[in-house]
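Q: Would you mind keeping the following structure in view while I ask a few things?
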Amino acid sequence: MLSYSKPYIIKAAQAHTATMIIVHGLGDSGHGWTHVALYLKRYMPHIKFVLPHAPARRITINGGMAMPGWYDICDLGNNIERKQDEEGMMESRRYIQGLIDEEIRSGIPSDRIVLGGFSQGGAMTLLTGLTCPHKLAGLAVLSGYLPIHKKIFSLSTDQSKSVPIFQVHGEVDQVIDFSLAEQSQVELKKNEYNVEFHKYPDMGHEACQEEVSHLLTFLKKIIPEKQP
């Protein structure tokens, strides 16, 4: 198993009653999402943000070069059935599930924990969130896709069916084709998952301000400052 370093933590500005884990994309680190976390924290000071770092691993599509990644990428095709690194994904799933478990042990109920991620991190969000033994508050998939979907649906838990999924994608994404996001949405809805889907006509493989604003609205709905 690869070595996973400790995540970067942004503490809640007031009483900590909810947590969001943000999983970065290929070649990045948890620090790359600090600006988004700080923006969200400005409006939701009760949230603690956990920003994990992927270990370095060899990436096939980059000529075997080692870089931070949650799993290897063998093929950038836009077919949901393409070859994927199931072993690497399942290993990272165990690590991310451990972060969720740690928050629960610290006293945060699972339904006050949001798991989100960008690109590879979005794929890991779906894999981990839909197979999580605890009911989470929500899943945020930013420019990501549904990986190893047959495996996920074979391991999915009953409680995951009621977890709201926020999925966003740029229509001119040059890395993860928009069609892959559409296929992912179709598969999720076919399996009776609750998906809120937003598309952005001029957005590539990135996060735009409109998307982050929509994410903030989603968070305010599922983990409001005052618990019901």
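Going by the structure tokens order, chains are called A, B, ..., each with residues numbered from 1, while ligands are numbered from 1 in the order shown.
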Taking only C-alpha atoms into account, produce a table as a Markdown table in which each residue of stretch 144-225 of chain A with an atom at most 9 Å from an atom of stretch 123-129 of chain A appears once, together with its shortest atom pair and the distance in Å to one decimal, ordered by chain and rising number.
A:
```
| residue | atom | partner | partner_atom | distance |
| --- | --- | --- | --- | --- |
| A:Gly144 | CA | A:Ala123 | CA | 5.4 |
| A:Tyr145 | CA | A:Ala123 | CA | 5.2 |
| A:Leu146 | CA | A:Ala123 | CA | 5.6 |
| A:Pro147 | CA | A:Ala123 | CA | 5.8 |
| A:Ile148 | CA | A:Leu127 | CA | 8.0 |
| A:His149 | CA | A:Leu127 | CA | 8.2 |
| A:Lys151 | CA | A:Leu127 | CA | 8.9 |
| A:Ile152 | CA | A:Leu127 | CA | 6.1 |
| A:Ser156 | CA | A:Gly129 | CA | 8.7 |
| A:Ser160 | CA | A:Gly129 | CA | 7.1 |
| A:Val163 | CA | A:Gly129 | CA | 8.6 |
| A:Ile165 | CA | A:Leu126 | CA | 8.7 |
```
Q: For stretch 183-187 of chain A, find every residue with an atom within 7 Å (counting only C-alpha atoms), except residues of its own chain fewer than 3 positions away, and show them as a ChimeraX atom specification.
A: /A:80,145-146,179-180,190-191
Q: Suppose we keep C-alpha atoms; can you now write the selection as a PDB file, in the first residue's frame?
A:
```
ATOM      1  CA  ILE A  80     -17.831   4.634 -19.199  1.00  0.00           C
ATOM      2  CA  TYR A 145     -17.322  10.851 -13.451  1.00  0.00           C
ATOM      3  CA  LEU A 146     -18.680   7.516 -12.240  1.00  0.00           C
ATOM      4  CA  SER A 179     -20.248  12.944 -22.581  1.00  0.00           C
ATOM      5  CA  LEU A 180     -18.652  10.927 -19.774  1.00  0.00           C
ATOM      6  CA  LYS A 190     -31.044   4.570 -13.654  1.00  0.00           C
ATOM      7  CA  ASN A 191     -29.990   3.181 -10.281  1.00  0.00           C
TER       8      ASN A 191
END
```
Q: As an exercise, work out the distance from atom CA of A:Leu219 to atom CA of A:Lys6 in Å and give it to one decimal place.
A: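 Pair atom CA of A:Leu219 / atom CA of A:Lys6 returns 24.8 Å.
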Q: Would you mind telling me which residue in A:Glu210, A:Glu182, A:Asp85, A:Glu91 lies nearest to A:Phe197 when using only C-alpha atoms?
A: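 Selected residue with least distance to A:Phe197: A:Glu182.
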Q: Within 10 Å of A:Pro133, counting only C-alpha atoms, which residues show up once you throw out same-chain ones fewer than 5 positions away? Write them as a tab-separated table (two decimals) with N, CA, C and O atoms, in the first residue's frame, please.
A:
```
chain	number	residue	atom	x	y	z
A	97	GLN	N	-12.35	6.52	3.19
A	97	GLN	CA	-13.33	6.05	4.17
A	97	GLN	C	-12.77	6.21	5.59
A	97	GLN	O	-13.51	6.55	6.52
A	101	ASP	N	-14.44	8.03	8.82
A	101	ASP	CA	-14.56	7.35	10.12
A	101	ASP	C	-13.93	8.18	11.24
A	101	ASP	O	-14.45	8.22	12.36
A	110	SER	N	-22.44	11.24	10.79
A	110	SER	CA	-22.16	11.01	9.38
A	110	SER	C	-23.04	11.86	8.47
A	110	SER	O	-22.61	12.27	7.39
A	128	THR	N	-16.41	6.16	-3.08
A	128	THR	CA	-16.41	6.07	-1.61
A	128	THR	C	-17.80	6.36	-1.04
A	128	THR	O	-18.28	5.64	-0.16
A	155	LEU	N	-21.52	-2.98	-4.66
A	155	LEU	CA	-21.13	-2.72	-3.27
A	155	LEU	C	-21.96	-1.61	-2.62
A	155	LEU	O	-21.80	-1.35	-1.43
A	156	SER	N	-22.81	-0.95	-3.39
A	156	SER	CA	-23.53	0.21	-2.88
A	156	SER	C	-24.43	-0.17	-1.70
A	156	SER	O	-24.94	-1.29	-1.62
A	157	THR	N	-24.60	0.78	-0.81
A	157	THR	CA	-25.39	0.54	0.39
A	157	THR	C	-26.78	1.17	0.23
A	157	THR	O	-26.97	2.11	-0.53
A	158	ASP	N	-27.74	0.63	0.98
A	158	ASP	CA	-29.12	1.13	0.89
A	158	ASP	C	-29.19	2.61	1.28
A	158	ASP	O	-29.92	3.39	0.67
A	159	GLN	N	-28.41	2.99	2.32
A	159	GLN	CA	-28.47	4.38	2.79
A	159	GLN	C	-27.94	5.37	1.77
A	159	GLN	O	-28.30	6.55	1.77
A	160	SER	N	-27.09	4.91	0.84
A	160	SER	CA	-26.54	5.83	-0.16
A	160	SER	C	-27.60	6.29	-1.15
A	160	SER	O	-27.45	7.33	-1.80
```
Q: Just checking: using only C-alpha atoms, which residue out of A:Leu136, A:Gly32, A:Lys220, A:Leu26 ends up closest to A:Ile176?
A: A:Leu26
Q: Env of A:Ala18: 6 Å cut, atoms = only C-alpha atoms, seq-sep filter 4 positions within chain, self excluded. Answer as JSON, numbers by chain.
A: {"A": [47, 112, 113]}
Q: For the structure I just gave you, how does DSSP split chain A - specifically, which residues are alpha helix (DSSP H)? Reply as JSON, numbers by chain.
A: {"A": [34, 35, 36, 37, 38, 39, 40, 41, 42, 43, 86, 87, 88, 89, 90, 91, 92, 93, 94, 95, 96, 97, 98, 99, 100, 101, 102, 103, 104, 105, 120, 121, 122, 123, 124, 125, 126, 127, 128, 129, 130, 149, 150, 151, 152, 153, 154, 155, 178, 179, 180, 181, 182, 183, 184, 185, 186, 187, 188, 189, 190, 209, 210, 211, 212, 213, 214, 215, 216, 217, 218, 219, 220, 221, 222]}
Q: Run DSSP on the backbone and give me the residues of stretch 98-162 of chain A it puts in strand (DSSP E), as a PyMOL selection string.
A: chain A and resi 113-118+138-142
Q: Keeping only N, CA and C atoms, write the selected residues as a PDB file, in the first residue's frame.
A:
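Contents of the output file again39.pdb:
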```
ATOM      1  N   ILE A 113     -21.534  15.157   7.344  1.00  0.00           N
ATOM      2  CA  ILE A 113     -20.262  15.068   6.625  1.00  0.00           C
ATOM      3  C   ILE A 113     -20.539  15.053   5.123  1.00  0.00           C
ATOM      4  N   VAL A 114     -19.892  15.955   4.397  1.00  0.00           N
ATOM      5  CA  VAL A 114     -20.005  16.010   2.935  1.00  0.00           C
ATOM      6  C   VAL A 114     -18.684  15.561   2.335  1.00  0.00           C
ATOM      7  N   LEU A 115     -18.767  14.701   1.342  1.00  0.00           N
ATOM      8  CA  LEU A 115     -17.586  14.271   0.608  1.00  0.00           C
ATOM      9  C   LEU A 115     -17.663  14.866  -0.788  1.00  0.00           C
ATOM     10  N   GLY A 116     -16.587  15.517  -1.212  1.00  0.00           N
ATOM     11  CA  GLY A 116     -16.572  16.123  -2.541  1.00  0.00           C
ATOM     12  C   GLY A 116     -15.210  16.006  -3.182  1.00  0.00           C
ATOM     13  N   GLY A 117     -15.154  16.234  -4.479  1.00  0.00           N
ATOM     14  CA  GLY A 117     -13.856  16.150  -5.134  1.00  0.00           C
ATOM     15  C   GLY A 117     -13.904  16.604  -6.579  1.00  0.00           C
ATOM     16  N   PHE A 118     -12.730  16.904  -7.109  1.00  0.00           N
ATOM     17  CA  PHE A 118     -12.568  17.398  -8.479  1.00  0.00           C
ATOM     18  C   PHE A 118     -11.863  16.352  -9.333  1.00  0.00           C
ATOM     19  N   GLY A 138     -24.086  14.483   1.868  1.00  0.00           N
ATOM     20  CA  GLY A 138     -24.149  14.710   0.433  1.00  0.00           C
ATOM     21  C   GLY A 138     -22.822  14.436  -0.237  1.00  0.00           C
ATOM     22  N   LEU A 139     -22.849  14.359  -1.566  1.00  0.00           N
ATOM     23  CA  LEU A 139     -21.652  14.142  -2.379  1.00  0.00           C
ATOM     24  C   LEU A 139     -21.580  15.252  -3.420  1.00  0.00           C
ATOM     25  N   ALA A 140     -20.391  15.813  -3.616  1.00  0.00           N
ATOM     26  CA  ALA A 140     -20.185  16.881  -4.596  1.00  0.00           C
ATOM     27  C   ALA A 140     -19.153  16.418  -5.618  1.00  0.00           C
ATOM     28  N   VAL A 141     -19.588  16.243  -6.854  1.00  0.00           N
ATOM     29  CA  VAL A 141     -18.735  15.718  -7.921  1.00  0.00           C
ATOM     30  C   VAL A 141     -18.451  16.847  -8.909  1.00  0.00           C
ATOM     31  N   LEU A 142     -17.229  17.380  -8.876  1.00  0.00           N
ATOM     32  CA  LEU A 142     -16.848  18.521  -9.703  1.00  0.00           C
ATOM     33  C   LEU A 142     -15.968  18.047 -10.861  1.00  0.00           C
TER      34      LEU A 142
END
```
Q: In Å, rounded to a single decimal, give me how far atom CA of A:Arg58 is from atom CA of A:Asp177.
A: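 Interatomic distance here is 22.6 Å.
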Q: To one decimal place in Å, what is the distance between atom CA of A:Phe218 and atom CA of A:Gln174?
A: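 The value is 25.9 Å.
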Q: So, with only C-alpha atoms as the atoms that count, which of A:His35, A:His198, A:Lys48, A:His214 lies closest to A:Thr17?
A: A:Lys48
Q: Using only C-alpha atoms, which residue out of A:Pro7, A:Gly27, A:Pro164, A:Gly63 lies closest to A:Leu51?
A: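 Closest to A:Leu51, using only C-alpha atoms: A:Pro7.
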Q: Do you know which residues are at most 12 Å from A:Ile59 counting only C-alpha atoms, after dropping those on the same chain fewer than 4 positions away, and could you put them as a ChimeraX atom specification?
A: /A:26-27,55,63-76,84-85,88
Q: For the residues in the current selection, export all heavy atoms as a compact mmCIF listing (two decimals), in the first residue's frame.
A:
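For reference, result_11.txt as written:
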```
# COMPACT_ATOMS: atom_id res chain seq x y z
N LEU A 26 -5.79 14.82 -10.26
CA LEU A 26 -4.47 14.30 -10.62
C LEU A 26 -3.42 15.41 -10.66
O LEU A 26 -3.64 16.47 -11.23
CB LEU A 26 -4.55 13.62 -11.99
CG LEU A 26 -3.26 13.01 -12.53
CD1 LEU A 26 -2.81 11.84 -11.66
CD2 LEU A 26 -3.46 12.54 -13.98
N GLY A 27 -2.27 15.14 -10.03
CA GLY A 27 -1.15 16.07 -10.07
C GLY A 27 -1.25 17.23 -9.10
O GLY A 27 -0.37 18.09 -9.05
N PRO A 55 -1.00 10.10 -2.75
CA PRO A 55 0.40 9.70 -2.83
C PRO A 55 0.89 9.74 -4.28
O PRO A 55 0.08 9.74 -5.22
CB PRO A 55 0.37 8.26 -2.30
CG PRO A 55 -1.00 7.77 -2.68
CD PRO A 55 -1.91 8.96 -2.55
N GLY A 63 3.10 8.58 -19.60
CA GLY A 63 4.36 7.88 -19.87
C GLY A 63 4.95 7.20 -18.65
O GLY A 63 6.16 6.95 -18.61
N GLY A 64 4.13 6.91 -17.66
CA GLY A 64 4.62 6.24 -16.45
C GLY A 64 5.25 7.19 -15.45
O GLY A 64 5.82 6.75 -14.45
N MET A 65 5.15 8.50 -15.69
CA MET A 65 5.72 9.47 -14.75
C MET A 65 4.95 9.42 -13.43
O MET A 65 3.73 9.29 -13.40
CB MET A 65 5.62 10.88 -15.35
CG MET A 65 6.19 11.98 -14.48
SD MET A 65 5.85 13.64 -15.16
CE MET A 65 6.64 13.51 -16.77
N ALA A 66 5.70 9.52 -12.33
CA ALA A 66 5.08 9.50 -11.01
C ALA A 66 4.58 10.89 -10.65
O ALA A 66 5.28 11.89 -10.85
CB ALA A 66 6.07 9.01 -9.96
N MET A 67 3.36 10.97 -10.15
CA MET A 67 2.77 12.23 -9.71
C MET A 67 1.65 11.92 -8.72
O MET A 67 1.19 10.78 -8.65
CB MET A 67 2.23 13.02 -10.89
CG MET A 67 1.14 12.34 -11.68
SD MET A 67 0.53 13.39 -13.04
CE MET A 67 2.03 13.62 -13.98
N PRO A 68 1.20 12.92 -7.95
CA PRO A 68 0.12 12.67 -7.01
C PRO A 68 -1.14 12.20 -7.74
O PRO A 68 -1.61 12.86 -8.67
CB PRO A 68 -0.12 14.03 -6.35
CG PRO A 68 1.19 14.76 -6.51
CD PRO A 68 1.70 14.31 -7.84
N GLY A 69 -1.64 11.05 -7.34
CA GLY A 69 -2.84 10.51 -7.99
C GLY A 69 -3.52 9.51 -7.09
O GLY A 69 -2.86 8.76 -6.36
N TRP A 70 -4.83 9.47 -7.14
CA TRP A 70 -5.59 8.52 -6.33
C TRP A 70 -5.62 7.14 -6.98
O TRP A 70 -5.90 6.14 -6.32
CB TRP A 70 -7.01 9.05 -6.11
CG TRP A 70 -7.01 10.36 -5.38
CD1 TRP A 70 -7.28 11.60 -5.88
CD2 TRP A 70 -6.69 10.58 -4.00
NE1 TRP A 70 -7.14 12.57 -4.92
CE2 TRP A 70 -6.79 11.97 -3.74
CE3 TRP A 70 -6.34 9.72 -2.94
CZ2 TRP A 70 -6.54 12.53 -2.48
CZ3 TRP A 70 -6.08 10.28 -1.68
CH2 TRP A 70 -6.18 11.66 -1.47
N TYR A 71 -5.33 7.09 -8.29
CA TYR A 71 -5.26 5.83 -9.01
C TYR A 71 -4.60 6.09 -10.36
O TYR A 71 -4.46 7.25 -10.77
CB TYR A 71 -6.66 5.22 -9.21
CG TYR A 71 -7.68 6.17 -9.80
CD1 TYR A 71 -7.82 6.31 -11.18
CD2 TYR A 71 -8.51 6.92 -8.98
CE1 TYR A 71 -8.76 7.19 -11.73
CE2 TYR A 71 -9.46 7.80 -9.51
CZ TYR A 71 -9.57 7.93 -10.89
OH TYR A 71 -10.50 8.79 -11.42
N ASP A 72 -4.17 5.04 -11.03
CA ASP A 72 -3.56 5.16 -12.34
C ASP A 72 -4.66 5.44 -13.38
O ASP A 72 -5.81 5.05 -13.19
CB ASP A 72 -2.84 3.86 -12.70
CG ASP A 72 -2.06 3.94 -14.01
OD1 ASP A 72 -1.80 5.07 -14.49
OD2 ASP A 72 -1.73 2.87 -14.55
N ILE A 73 -4.30 6.15 -14.43
CA ILE A 73 -5.22 6.36 -15.55
C ILE A 73 -4.61 5.69 -16.77
O ILE A 73 -3.54 6.08 -17.25
CB ILE A 73 -5.46 7.86 -15.81
CG1 ILE A 73 -6.12 8.49 -14.59
CG2 ILE A 73 -6.36 8.04 -17.03
CD1 ILE A 73 -6.43 9.97 -14.75
N CYS A 74 -5.28 4.65 -17.25
CA CYS A 74 -4.77 3.87 -18.37
C CYS A 74 -5.28 4.38 -19.70
O CYS A 74 -4.65 4.18 -20.74
CB CYS A 74 -5.18 2.40 -18.20
SG CYS A 74 -4.84 1.72 -16.56
N ASP A 75 -6.46 5.02 -19.68
CA ASP A 75 -7.12 5.41 -20.92
C ASP A 75 -7.97 6.65 -20.64
O ASP A 75 -8.70 6.70 -19.66
CB ASP A 75 -8.01 4.24 -21.37
CG ASP A 75 -8.76 4.51 -22.65
OD1 ASP A 75 -8.59 5.60 -23.23
OD2 ASP A 75 -9.52 3.63 -23.07
N LEU A 76 -7.85 7.65 -21.51
CA LEU A 76 -8.65 8.87 -21.35
C LEU A 76 -9.90 8.85 -22.23
O LEU A 76 -10.50 9.87 -22.49
CB LEU A 76 -7.82 10.12 -21.71
CG LEU A 76 -7.15 10.85 -20.55
CD1 LEU A 76 -6.44 12.09 -21.07
CD2 LEU A 76 -8.15 11.24 -19.47
N GLN A 84 -10.01 0.56 -16.38
CA GLN A 84 -9.74 1.44 -15.24
C GLN A 84 -8.93 0.71 -14.17
O GLN A 84 -8.95 -0.51 -14.10
CB GLN A 84 -11.06 1.95 -14.64
CG GLN A 84 -11.89 2.77 -15.62
CD GLN A 84 -13.22 3.20 -15.04
OE1 GLN A 84 -13.27 4.06 -14.18
NE2 GLN A 84 -14.30 2.60 -15.50
N ASP A 85 -8.25 1.49 -13.34
CA ASP A 85 -7.39 0.94 -12.29
C ASP A 85 -8.21 0.66 -11.02
O ASP A 85 -8.19 1.42 -10.07
CB ASP A 85 -6.26 1.95 -12.00
CG ASP A 85 -5.37 1.51 -10.84
OD1 ASP A 85 -5.35 0.30 -10.50
OD2 ASP A 85 -4.69 2.39 -10.26
N GLY A 88 -6.16 0.42 -7.62
CA GLY A 88 -5.75 1.70 -7.06
C GLY A 88 -6.92 2.46 -6.48
O GLY A 88 -6.82 3.10 -5.43
```
